[in-house]
Amino acid sequence: MPELQSTTATPSSEPADVTVLDALVIGSGISGIYQLYTLREAGLDVQMLEAGSGVGGVWFWNRYPGARFDSESYAYGYFFSEELLEEWDWSEEYAGQPETERYLNHAVDRFGLRSLINFEERVTSAHWDAEDRRWTVTSATGRVWRPQYLVTALGILSAPAFPSAPGLEDFRGEWAHTGLWPDEGVDLAGKKVAVIGTGSSGVQIIPFVADDAERLVVFQRSPNWCTPINNFAITPERMQDIRERIDEIWEATQLSPSGSMHRPMTESSLDMDPEERRKQFDRLYDSPGLIMALGNFRDVALDKRANDNVTAYIAERIRARVDDPEVADRLIPKDHGFGQKRPPLENGYYEVFNRPHVSLVSTADEPIVRFTETGIETTHGHYEVDVIIFATGFEAVVGSYNRIDIRGVHGHRLVDHWEAGPRTYLGLQVNGFPNLFLIGGPQGTAGNIPRATDFQANWVTDMITHVRKHGYRSVQPTEAAEDAWIDHVNSGIVGTMQESAESWAFGSNVPGRKRAFLLYAGGLPQYRERIREATDHDYEGFEFRR
């Protein structure tokens, strides 16, 4: 595409190939697109950098068979435009990747944002210039941007992780990561296939692989508490009903701790008659989406006895769906309770293991030693395969930041500042990194991500407007505010089942990573209130400089 030029005149001190801007947004996922829109509407000279060749973020890169929402389509999408709400018809309660990608492309074109997006520009570095109070941002192509304000919308699941076993370069077959799925897809028909990983992407793709492959070997590190998605089509009549109730739906997402339409039941499951409790579990298990997780009894997240009742129930349901008792037992988690990891939604996943051409390998009992020219070697033997699919997840939340050389005041590196875990204030800014804003990043997101990030994007735009209006040149949080926010974030999991959890939300899936809670567990209503309080108290915790 032709090179985009800033409408801001380039100072004579800058080389001609350097683009000077008011603001730059990195990442064209659902959050970044909305941030770009709000900044443009506020009158800023703004552009966006995107590593891919198209918009969508996670919905561009994760185009593997079976990829879809686990939040209701209409509760995940944009609410800011009545016109968009009126003209877009969702086809499923939980839309698949192709539909979601079309939706985001439609939104970009609907609001005239495409000309502001620089595609295939992967950011390699972002350095703060204290003298000019600007960021110098460089991409892998060598192009340079000089924005006063830098907004990162990198996504919490956007830096793919791979097994540490050596030898992948020796493998002569084809391999793909679910988070980097090729546009042309992967031909699996009649082939021997290995899928490594049984998290959300593995649970989604495995039934599709089983349909095509001659033989499928699933390598499972640890099983998950998966529940049925129970998806269904949205009829024209239902879509009209959704439009008529859109204010009600929006209000529900604002009141829910997870940003969804579901809230936990307040009554105690432990005080309930076992028969009545089971009826409730049956209802939740057979309901669509994440209701089993988000609409369950509140004490399930707080009391191990209540959680044990849920896990015993789901384990029973798994055993009823898997013919081989030994295989069923391997598919039942022993290392965590329900909700300590985000439970994947599945569609026929457990029944896959009843097929004669599908086998399950537990890497806890049979670790992968190396990849070979023809397959995968474990401590117990060798599996010859034609295709390897890595459903091994991501270096969550901070991984995408760690892969960019971000340097703040005095050249201090963000990766060093976050060495013991992310440090932010309100999940929005970082001490020592002026005019750097985070949306959808660490310590400020959980649950239905867009319902956190639309609030964040509006706040970022308001903050930049405030800075410009009062003649300031930079803003950053104080160290004390950052320390207090970290204490608040950590207090949110004290006394809950999350306190002892081991999951990507703590960086547990990355060898050598120090354990730190990466998200926000206090619920989105409390999160928004904390930001409002700081803002209303004259931006308490922030320092402004002229």
# chains A, B, ... in the order shown; residues from 1 in each chain; ligands from 1
call {"tool": "select_by_dssp", "arguments": {"residues": "range 161-392 of chain A", "states": "alpha helix (DSSP H)", "output": "PDB file with N, CA and C atoms, in the first residue's frame"}}
result
ATOM      1  N   SER A 200      -7.720 -23.648  25.353  1.00  0.00           N
ATOM      2  CA  SER A 200      -8.892 -23.231  24.573  1.00  0.00           C
ATOM      3  C   SER A 200      -8.746 -23.519  23.093  1.00  0.00           C
ATOM      4  N   SER A 201      -7.603 -23.169  22.501  1.00  0.00           N
ATOM      5  CA  SER A 201      -7.450 -23.376  21.059  1.00  0.00           C
ATOM      6  C   SER A 201      -7.369 -24.861  20.726  1.00  0.00           C
ATOM      7  N   GLY A 202      -6.696 -25.646  21.566  1.00  0.00           N
ATOM      8  CA  GLY A 202      -6.624 -27.079  21.325  1.00  0.00           C
ATOM      9  C   GLY A 202      -7.992 -27.733  21.408  1.00  0.00           C
ATOM     10  N   VAL A 203      -8.761 -27.370  22.426  1.00  0.00           N
ATOM     11  CA  VAL A 203     -10.109 -27.914  22.594  1.00  0.00           C
ATOM     12  C   VAL A 203     -10.998 -27.552  21.412  1.00  0.00           C
ATOM     13  N   GLN A 204     -10.806 -26.370  20.850  1.00  0.00           N
ATOM     14  CA  GLN A 204     -11.615 -25.951  19.708  1.00  0.00           C
ATOM     15  C   GLN A 204     -11.215 -26.664  18.421  1.00  0.00           C
ATOM     16  N   ILE A 205      -9.919 -26.831  18.185  1.00  0.00           N
ATOM     17  CA  ILE A 205      -9.474 -27.348  16.884  1.00  0.00           C
ATOM     18  C   ILE A 205      -9.490 -28.871  16.817  1.00  0.00           C
ATOM     19  N   ILE A 206      -9.325 -29.558  17.934  1.00  0.00           N
ATOM     20  CA  ILE A 206      -9.165 -31.012  17.924  1.00  0.00           C
ATOM     21  C   ILE A 206     -10.325 -31.738  17.255  1.00  0.00           C
ATOM     22  N   PRO A 207     -11.596 -31.399  17.491  1.00  0.00           N
ATOM     23  CA  PRO A 207     -12.670 -32.099  16.780  1.00  0.00           C
ATOM     24  C   PRO A 207     -12.582 -31.952  15.257  1.00  0.00           C
ATOM     25  N   PHE A 208     -12.127 -30.815  14.780  1.00  0.00           N
ATOM     26  CA  PHE A 208     -11.998 -30.609  13.334  1.00  0.00           C
ATOM     27  C   PHE A 208     -10.841 -31.419  12.761  1.00  0.00           C
ATOM     28  N   VAL A 209      -9.745 -31.487  13.516  1.00  0.00           N
ATOM     29  CA  VAL A 209      -8.619 -32.306  13.071  1.00  0.00           C
ATOM     30  C   VAL A 209      -9.035 -33.769  13.030  1.00  0.00           C
ATOM     31  N   ALA A 210      -9.764 -34.214  14.017  1.00  0.00           N
ATOM     32  CA  ALA A 210     -10.192 -35.609  14.075  1.00  0.00           C
ATOM     33  C   ALA A 210     -11.067 -35.977  12.883  1.00  0.00           C
ATOM     34  N   ASP A 211     -11.830 -35.015  12.369  1.00  0.00           N
ATOM     35  CA  ASP A 211     -12.690 -35.290  11.214  1.00  0.00           C
ATOM     36  C   ASP A 211     -11.884 -35.564   9.947  1.00  0.00           C
ATOM     37  N   ASP A 212     -10.698 -34.955   9.826  1.00  0.00           N
ATOM     38  CA  ASP A 212      -9.928 -35.037   8.577  1.00  0.00           C
ATOM     39  C   ASP A 212      -8.750 -35.992   8.639  1.00  0.00           C
ATOM     40  N   PRO A 236     -33.443 -13.912  12.443  1.00  0.00           N
ATOM     41  CA  PRO A 236     -33.772 -12.485  12.280  1.00  0.00           C
ATOM     42  C   PRO A 236     -34.641 -11.949  13.414  1.00  0.00           C
ATOM     43  N   GLU A 237     -35.551 -12.784  13.900  1.00  0.00           N
ATOM     44  CA  GLU A 237     -36.420 -12.357  14.991  1.00  0.00           C
ATOM     45  C   GLU A 237     -35.619 -12.135  16.277  1.00  0.00           C
ATOM     46  N   ARG A 238     -34.690 -13.036  16.551  1.00  0.00           N
ATOM     47  CA  ARG A 238     -33.862 -12.871  17.754  1.00  0.00           C
ATOM     48  C   ARG A 238     -32.951 -11.654  17.604  1.00  0.00           C
ATOM     49  N   MET A 239     -32.416 -11.432  16.399  1.00  0.00           N
ATOM     50  CA  MET A 239     -31.545 -10.269  16.201  1.00  0.00           C
ATOM     51  C   MET A 239     -32.319  -8.982  16.445  1.00  0.00           C
ATOM     52  N   GLN A 240     -33.565  -8.942  16.016  1.00  0.00           N
ATOM     53  CA  GLN A 240     -34.386  -7.758  16.257  1.00  0.00           C
ATOM     54  C   GLN A 240     -34.638  -7.574  17.748  1.00  0.00           C
ATOM     55  N   ASP A 241     -34.862  -8.690  18.441  1.00  0.00           N
ATOM     56  CA  ASP A 241     -35.066  -8.622  19.887  1.00  0.00           C
ATOM     57  C   ASP A 241     -33.804  -8.107  20.587  1.00  0.00           C
ATOM     58  N   ILE A 242     -32.641  -8.542  20.115  1.00  0.00           N
ATOM     59  CA  ILE A 242     -31.371  -8.068  20.685  1.00  0.00           C
ATOM     60  C   ILE A 242     -31.252  -6.559  20.507  1.00  0.00           C
ATOM     61  N   ARG A 243     -31.605  -6.066  19.331  1.00  0.00           N
ATOM     62  CA  ARG A 243     -31.525  -4.616  19.085  1.00  0.00           C
ATOM     63  C   ARG A 243     -32.471  -3.851  20.015  1.00  0.00           C
ATOM     64  N   GLU A 244     -33.633  -4.397  20.220  1.00  0.00           N
ATOM     65  CA  GLU A 244     -34.599  -3.717  21.086  1.00  0.00           C
ATOM     66  C   GLU A 244     -34.166  -3.735  22.547  1.00  0.00           C
ATOM     67  N   ILE A 246     -30.876  -3.658  23.501  1.00  0.00           N
ATOM     68  CA  ILE A 246     -29.450  -3.378  23.524  1.00  0.00           C
ATOM     69  C   ILE A 246     -29.053  -2.540  24.740  1.00  0.00           C
ATOM     70  N   ASP A 247     -29.910  -1.618  25.169  1.00  0.00           N
ATOM     71  CA  ASP A 247     -29.592  -0.829  26.366  1.00  0.00           C
ATOM     72  C   ASP A 247     -29.566  -1.712  27.600  1.00  0.00           C
ATOM     73  N   GLU A 248     -30.469  -2.664  27.649  1.00  0.00           N
ATOM     74  CA  GLU A 248     -30.508  -3.620  28.769  1.00  0.00           C
ATOM     75  C   GLU A 248     -29.254  -4.501  28.761  1.00  0.00           C
ATOM     76  N   ILE A 249     -28.847  -4.923  27.567  1.00  0.00           N
ATOM     77  CA  ILE A 249     -27.647  -5.753  27.445  1.00  0.00           C
ATOM     78  C   ILE A 249     -26.417  -4.962  27.876  1.00  0.00           C
ATOM     79  N   TRP A 250     -26.327  -3.713  27.426  1.00  0.00           N
ATOM     80  CA  TRP A 250     -25.196  -2.862  27.811  1.00  0.00           C
ATOM     81  C   TRP A 250     -25.150  -2.683  29.326  1.00  0.00           C
ATOM     82  N   GLU A 251     -26.282  -2.432  29.931  1.00  0.00           N
ATOM     83  CA  GLU A 251     -26.327  -2.228  31.374  1.00  0.00           C
ATOM     84  C   GLU A 251     -25.875  -3.487  32.111  1.00  0.00           C
ATOM     85  N   ALA A 252     -26.271  -4.648  31.602  1.00  0.00           N
ATOM     86  CA  ALA A 252     -25.859  -5.901  32.234  1.00  0.00           C
ATOM     87  C   ALA A 252     -24.345  -6.073  32.175  1.00  0.00           C
ATOM     88  N   THR A 253     -23.737  -5.721  31.048  1.00  0.00           N
ATOM     89  CA  THR A 253     -22.274  -5.840  30.938  1.00  0.00           C
ATOM     90  C   THR A 253     -21.566  -4.875  31.874  1.00  0.00           C
ATOM     91  N   GLN A 254     -22.187  -3.750  32.175  1.00  0.00           N
ATOM     92  CA  GLN A 254     -21.565  -2.771  33.057  1.00  0.00           C
ATOM     93  C   GLN A 254     -21.666  -3.172  34.523  1.00  0.00           C
ATOM     94  N   LEU A 255     -22.684  -3.929  34.870  1.00  0.00           N
ATOM     95  CA  LEU A 255     -22.883  -4.355  36.254  1.00  0.00           C
ATOM     96  C   LEU A 255     -22.168  -5.656  36.574  1.00  0.00           C
ATOM     97  N   PRO A 274     -28.554 -31.109  48.315  1.00  0.00           N
ATOM     98  CA  PRO A 274     -27.755 -31.657  47.219  1.00  0.00           C
ATOM     99  C   PRO A 274     -28.548 -31.883  45.934  1.00  0.00           C
ATOM    100  N   GLU A 275     -29.792 -32.300  46.056  1.00  0.00           N
ATOM    101  CA  GLU A 275     -30.603 -32.529  44.864  1.00  0.00           C
ATOM    102  C   GLU A 275     -30.893 -31.214  44.142  1.00  0.00           C
ATOM    103  N   GLU A 276     -31.211 -30.176  44.890  1.00  0.00           N
ATOM    104  CA  GLU A 276     -31.465 -28.871  44.278  1.00  0.00           C
ATOM    105  C   GLU A 276     -30.184 -28.296  43.690  1.00  0.00           C
ATOM    106  N   ARG A 277     -29.061 -28.495  44.382  1.00  0.00           N
ATOM    107  CA  ARG A 277     -27.782 -28.013  43.874  1.00  0.00           C
ATOM    108  C   ARG A 277     -27.444 -28.681  42.541  1.00  0.00           C
ATOM    109  N   ARG A 278     -27.727 -29.981  42.453  1.00  0.00           N
ATOM    110  CA  ARG A 278     -27.448 -30.680  41.200  1.00  0.00           C
ATOM    111  C   ARG A 278     -28.339 -30.158  40.077  1.00  0.00           C
ATOM    112  N   LYS A 279     -29.583 -29.850  40.385  1.00  0.00           N
ATOM    113  CA  LYS A 279     -30.465 -29.280  39.358  1.00  0.00           C
ATOM    114  C   LYS A 279     -29.887 -27.982  38.813  1.00  0.00           C
ATOM    115  N   GLN A 280     -29.331 -27.186  39.710  1.00  0.00           N
ATOM    116  CA  GLN A 280     -28.709 -25.935  39.272  1.00  0.00           C
ATOM    117  C   GLN A 280     -27.484 -26.215  38.408  1.00  0.00           C
ATOM    118  N   PHE A 281     -26.664 -27.190  38.794  1.00  0.00           N
ATOM    119  CA  PHE A 281     -25.491 -27.542  37.985  1.00  0.00           C
ATOM    120  C   PHE A 281     -25.917 -28.061  36.611  1.00  0.00           C
ATOM    121  N   ASP A 282     -26.977 -28.879  36.577  1.00  0.00           N
ATOM    122  CA  ASP A 282     -27.494 -29.361  35.293  1.00  0.00           C
ATOM    123  C   ASP A 282     -27.906 -28.192  34.403  1.00  0.00           C
ATOM    124  N   ARG A 283     -28.607 -27.239  34.984  1.00  0.00           N
ATOM    125  CA  ARG A 283     -29.055 -26.070  34.219  1.00  0.00           C
ATOM    126  C   ARG A 283     -27.871 -25.280  33.668  1.00  0.00           C
ATOM    127  N   LEU A 284     -26.859 -25.064  34.499  1.00  0.00           N
ATOM    128  CA  LEU A 284     -25.689 -24.295  34.076  1.00  0.00           C
ATOM    129  C   LEU A 284     -24.900 -25.032  32.991  1.00  0.00           C
ATOM    130  N   TYR A 285     -24.733 -26.339  33.169  1.00  0.00           N
ATOM    131  CA  TYR A 285     -23.944 -27.131  32.212  1.00  0.00           C
ATOM    132  C   TYR A 285     -24.615 -27.152  30.841  1.00  0.00           C
ATOM    133  N   ILE A 291     -21.757 -19.550  31.130  1.00  0.00           N
ATOM    134  CA  ILE A 291     -22.656 -19.389  32.276  1.00  0.00           C
ATOM    135  C   ILE A 291     -22.237 -20.300  33.432  1.00  0.00           C
ATOM    136  N   MET A 292     -21.709 -21.486  33.118  1.00  0.00           N
ATOM    137  CA  MET A 292     -21.243 -22.387  34.168  1.00  0.00           C
ATOM    138  C   MET A 292     -20.172 -21.709  35.017  1.00  0.00           C
ATOM    139  N   ALA A 293     -19.353 -20.868  34.390  1.00  0.00           N
ATOM    140  CA  ALA A 293     -18.287 -20.182  35.113  1.00  0.00           C
ATOM    141  C   ALA A 293     -18.743 -18.849  35.684  1.00  0.00           C
ATOM    142  N   LEU A 294     -19.482 -18.078  34.894  1.00  0.00           N
ATOM    143  CA  LEU A 294     -19.797 -16.699  35.275  1.00  0.00           C
ATOM    144  C   LEU A 294     -21.117 -16.559  36.016  1.00  0.00           C
ATOM    145  N   LYS A 304     -13.264 -23.817  48.807  1.00  0.00           N
ATOM    146  CA  LYS A 304     -12.837 -25.045  48.145  1.00  0.00           C
ATOM    147  C   LYS A 304     -13.893 -26.140  48.243  1.00  0.00           C
ATOM    148  N   ARG A 305     -14.645 -26.175  49.321  1.00  0.00           N
ATOM    149  CA  ARG A 305     -15.688 -27.197  49.449  1.00  0.00           C
ATOM    150  C   ARG A 305     -16.753 -27.004  48.374  1.00  0.00           C
ATOM    151  N   ALA A 306     -17.137 -25.766  48.137  1.00  0.00           N
ATOM    152  CA  ALA A 306     -18.114 -25.483  47.087  1.00  0.00           C
ATOM    153  C   ALA A 306     -17.528 -25.796  45.716  1.00  0.00           C
ATOM    154  N   ASN A 307     -16.263 -25.463  45.523  1.00  0.00           N
ATOM    155  CA  ASN A 307     -15.608 -25.738  44.245  1.00  0.00           C
ATOM    156  C   ASN A 307     -15.485 -27.233  44.007  1.00  0.00           C
ATOM    157  N   ASP A 308     -15.209 -27.992  45.069  1.00  0.00           N
ATOM    158  CA  ASP A 308     -15.092 -29.450  44.924  1.00  0.00           C
ATOM    159  C   ASP A 308     -16.410 -30.060  44.450  1.00  0.00           C
ATOM    160  N   ASN A 309     -17.521 -29.507  44.882  1.00  0.00           N
ATOM    161  CA  ASN A 309     -18.822 -30.014  44.418  1.00  0.00           C
ATOM    162  C   ASN A 309     -18.982 -29.824  42.921  1.00  0.00           C
ATOM    163  N   VAL A 310     -18.518 -28.680  42.399  1.00  0.00           N
ATOM    164  CA  VAL A 310     -18.610 -28.425  40.961  1.00  0.00           C
ATOM    165  C   VAL A 310     -17.695 -29.361  40.194  1.00  0.00           C
ATOM    166  N   THR A 311     -16.453 -29.498  40.651  1.00  0.00           N
ATOM    167  CA  THR A 311     -15.513 -30.346  39.915  1.00  0.00           C
ATOM    168  C   THR A 311     -15.961 -31.808  39.926  1.00  0.00           C
ATOM    169  N   ALA A 312     -16.544 -32.263  41.024  1.00  0.00           N
ATOM    170  CA  ALA A 312     -17.057 -33.636  41.066  1.00  0.00           C
ATOM    171  C   ALA A 312     -18.184 -33.808  40.059  1.00  0.00           C
ATOM    172  N   TYR A 313     -19.024 -32.795  39.935  1.00  0.00           N
ATOM    173  CA  TYR A 313     -20.131 -32.849  38.977  1.00  0.00           C
ATOM    174  C   TYR A 313     -19.603 -32.890  37.537  1.00  0.00           C
ATOM    175  N   ILE A 314     -18.674 -32.009  37.191  1.00  0.00           N
ATOM    176  CA  ILE A 314     -18.166 -31.974  35.810  1.00  0.00           C
ATOM    177  C   ILE A 314     -17.392 -33.245  35.502  1.00  0.00           C
ATOM    178  N   ALA A 315     -16.631 -33.749  36.476  1.00  0.00           N
ATOM    179  CA  ALA A 315     -15.917 -35.011  36.266  1.00  0.00           C
ATOM    180  C   ALA A 315     -16.888 -36.138  35.939  1.00  0.00           C
ATOM    181  N   GLU A 316     -18.018 -36.158  36.618  1.00  0.00           N
ATOM    182  CA  GLU A 316     -19.049 -37.169  36.331  1.00  0.00           C
ATOM    183  C   GLU A 316     -19.560 -37.028  34.898  1.00  0.00           C
ATOM    184  N   ARG A 317     -19.768 -35.790  34.453  1.00  0.00           N
ATOM    185  CA  ARG A 317     -20.245 -35.569  33.089  1.00  0.00           C
ATOM    186  C   ARG A 317     -19.196 -36.001  32.055  1.00  0.00           C
ATOM    187  N   ILE A 318     -17.925 -35.763  32.357  1.00  0.00           N
ATOM    188  CA  ILE A 318     -16.860 -36.189  31.441  1.00  0.00           C
ATOM    189  C   ILE A 318     -16.844 -37.715  31.334  1.00  0.00           C
ATOM    190  N   ARG A 319     -16.925 -38.402  32.462  1.00  0.00           N
ATOM    191  CA  ARG A 319     -16.902 -39.867  32.440  1.00  0.00           C
ATOM    192  C   ARG A 319     -18.084 -40.432  31.649  1.00  0.00           C
ATOM    193  N   ALA A 320     -19.202 -39.743  31.691  1.00  0.00           N
ATOM    194  CA  ALA A 320     -20.369 -40.218  30.952  1.00  0.00           C
ATOM    195  C   ALA A 320     -20.202 -40.040  29.443  1.00  0.00           C
ATOM    196  N   ARG A 321     -19.293 -39.185  29.024  1.00  0.00           N
ATOM    197  CA  ARG A 321     -19.120 -38.896  27.599  1.00  0.00           C
ATOM    198  C   ARG A 321     -17.931 -39.622  26.979  1.00  0.00           C
ATOM    199  N   PRO A 325     -12.660 -45.636  30.556  1.00  0.00           N
ATOM    200  CA  PRO A 325     -12.503 -45.007  31.877  1.00  0.00           C
ATOM    201  C   PRO A 325     -11.103 -44.449  32.117  1.00  0.00           C
ATOM    202  N   GLU A 326     -10.086 -45.130  31.579  1.00  0.00           N
ATOM    203  CA  GLU A 326      -8.710 -44.660  31.776  1.00  0.00           C
ATOM    204  C   GLU A 326      -8.479 -43.351  31.039  1.00  0.00           C
ATOM    205  N   VAL A 327      -8.973 -43.261  29.821  1.00  0.00           N
ATOM    206  CA  VAL A 327      -8.845 -42.017  29.049  1.00  0.00           C
ATOM    207  C   VAL A 327      -9.637 -40.906  29.724  1.00  0.00           C
ATOM    208  N   ALA A 328     -10.841 -41.227  30.177  1.00  0.00           N
ATOM    209  CA  ALA A 328     -11.656 -40.231  30.864  1.00  0.00           C
ATOM    210  C   ALA A 328     -10.927 -39.681  32.080  1.00  0.00           C
ATOM    211  N   ASP A 329     -10.265 -40.556  32.823  1.00  0.00           N
ATOM    212  CA  ASP A 329      -9.551 -40.116  34.020  1.00  0.00           C
ATOM    213  C   ASP A 329      -8.416 -39.158  33.654  1.00  0.00           C
ATOM    214  N   ARG A 330      -7.742 -39.422  32.523  1.00  0.00           N
ATOM    215  CA  ARG A 330      -6.664 -38.528  32.087  1.00  0.00           C
ATOM    216  C   ARG A 330      -7.189 -37.175  31.631  1.00  0.00           C
ATOM    217  N   TYR A 349     -15.820 -32.189  22.070  1.00  0.00           N
ATOM    218  CA  TYR A 349     -14.408 -32.463  22.349  1.00  0.00           C
ATOM    219  C   TYR A 349     -14.213 -33.821  22.993  1.00  0.00           C
ATOM    220  N   TYR A 350     -14.968 -34.116  24.019  1.00  0.00           N
ATOM    221  CA  TYR A 350     -14.733 -35.361  24.750  1.00  0.00           C
ATOM    222  C   TYR A 350     -15.066 -36.588  23.907  1.00  0.00           C
ATOM    223  N   GLU A 351     -16.070 -36.472  23.065  1.00  0.00           N
ATOM    224  CA  GLU A 351     -16.449 -37.615  22.210  1.00  0.00           C
ATOM    225  C   GLU A 351     -15.361 -37.949  21.186  1.00  0.00           C
ATOM    226  N   VAL A 352     -14.482 -37.011  20.883  1.00  0.00           N
ATOM    227  CA  VAL A 352     -13.379 -37.277  19.950  1.00  0.00           C
ATOM    228  C   VAL A 352     -12.553 -38.469  20.414  1.00  0.00           C
TER     229      VAL A 352
END
call {"tool": "closest_atom_pairs", "arguments": {"of": "range 376-408 of chain A", "to": "range 134-147 of chain A", "cutoff": "10 Å", "atoms": "only C-alpha atoms", "output": "Markdown table"}}
result
| residue | atom | partner | partner_atom | distance |
| --- | --- | --- | --- | --- |
| A:Ile404 | CA | A:Ser139 | CA | 9.8 |
| A:Asp405 | CA | A:Val137 | CA | 9.7 |
| A:Ile406 | CA | A:Val137 | CA | 9.0 |
| A:Arg407 | CA | A:Trp135 | CA | 9.3 |
| A:Gly408 | CA | A:Trp135 | CA | 8.9 |
call {"tool": "residues_around", "arguments": {"residues": "Gly523 in chain A", "least_positions_apart": "4", "cutoff": "8 Å", "atoms": "only C-alpha atoms", "output": "list of chain:residue names"}}
result
A:Ser256, A:Pro257, A:Ser258, A:Ala446, A:Tyr527
call {"tool": "write_last_selection", "arguments": {"atoms": "all heavy atoms", "output": "CSV table (one decimal), in the first residue's frame"}}
result
chain,number,residue,atom,x,y,z
A,256,SER,N,-21.9,-6.4,35.6
A,256,SER,CA,-21.3,-7.7,35.8
A,256,SER,C,-19.8,-7.6,36.1
A,256,SER,O,-19.1,-6.8,35.4
A,256,SER,CB,-21.4,-8.6,34.5
A,256,SER,OG,-20.6,-9.7,34.5
A,257,PRO,N,-19.2,-8.3,37.0
A,257,PRO,CA,-17.8,-8.3,37.3
A,257,PRO,C,-17.0,-8.7,36.1
A,257,PRO,O,-15.8,-8.2,36.0
A,257,PRO,CB,-17.6,-9.3,38.5
A,257,PRO,CG,-19.0,-9.4,39.1
A,257,PRO,CD,-20.0,-9.2,38.0
A,258,SER,N,-17.5,-9.6,35.3
A,258,SER,CA,-16.7,-10.0,34.1
A,258,SER,C,-16.9,-9.3,32.9
A,258,SER,O,-16.3,-9.6,31.8
A,258,SER,CB,-17.1,-11.5,33.9
A,258,SER,OG,-18.4,-11.6,33.5
A,446,ALA,N,-9.9,-8.3,32.4
A,446,ALA,CA,-10.3,-9.6,32.8
A,446,ALA,C,-11.7,-9.8,32.2
A,446,ALA,O,-12.4,-8.9,31.9
A,446,ALA,CB,-10.3,-9.8,34.3
A,527,TYR,N,-13.2,-1.7,39.0
A,527,TYR,CA,-12.1,-1.1,38.2
A,527,TYR,C,-12.4,0.3,37.6
A,527,TYR,O,-11.6,1.2,37.8
A,527,TYR,CB,-11.7,-2.1,37.0
A,527,TYR,CG,-10.6,-1.5,36.1
A,527,TYR,CD1,-9.3,-1.4,36.6
A,527,TYR,CD2,-10.9,-1.2,34.8
A,527,TYR,CE1,-8.3,-0.9,35.7
A,527,TYR,CE2,-9.9,-0.7,34.0
A,527,TYR,CZ,-8.6,-0.6,34.4
A,527,TYR,OH,-7.7,-0.1,33.6
call {"tool": "select_by_dssp", "arguments": {"residues": "range 365-440 of chain A", "states": "strand (DSSP E)", "output": "PyMOL selection string"}}
result
chain A and resi 368-371+375-378+382-384+387-390+405-407+436-438
call {"tool": "atom_distance", "arguments": {"atom1": "CA of Arg403 in chain A", "atom2": "CA of Val46 in chain A"}}
result
23.4 Å
call {"tool": "atom_distance", "arguments": {"atom1": "CA of Trp504 in chain A", "atom2": "CA of Arg413 in chain A"}}
result
23.1 Å
call {"tool": "atom_distance", "arguments": {"atom1": "CA of Asn490 in chain A", "atom2": "CA of Pro264 in chain A"}}
result
21.5 Å
call {"tool": "closest_residue", "arguments": {"among": "A:Thr374, A:Asn435, A:Gln476, A:Asn458", "to": "Trp128 in chain A", "atoms": "only C-alpha atoms"}}
result
A:Asn435
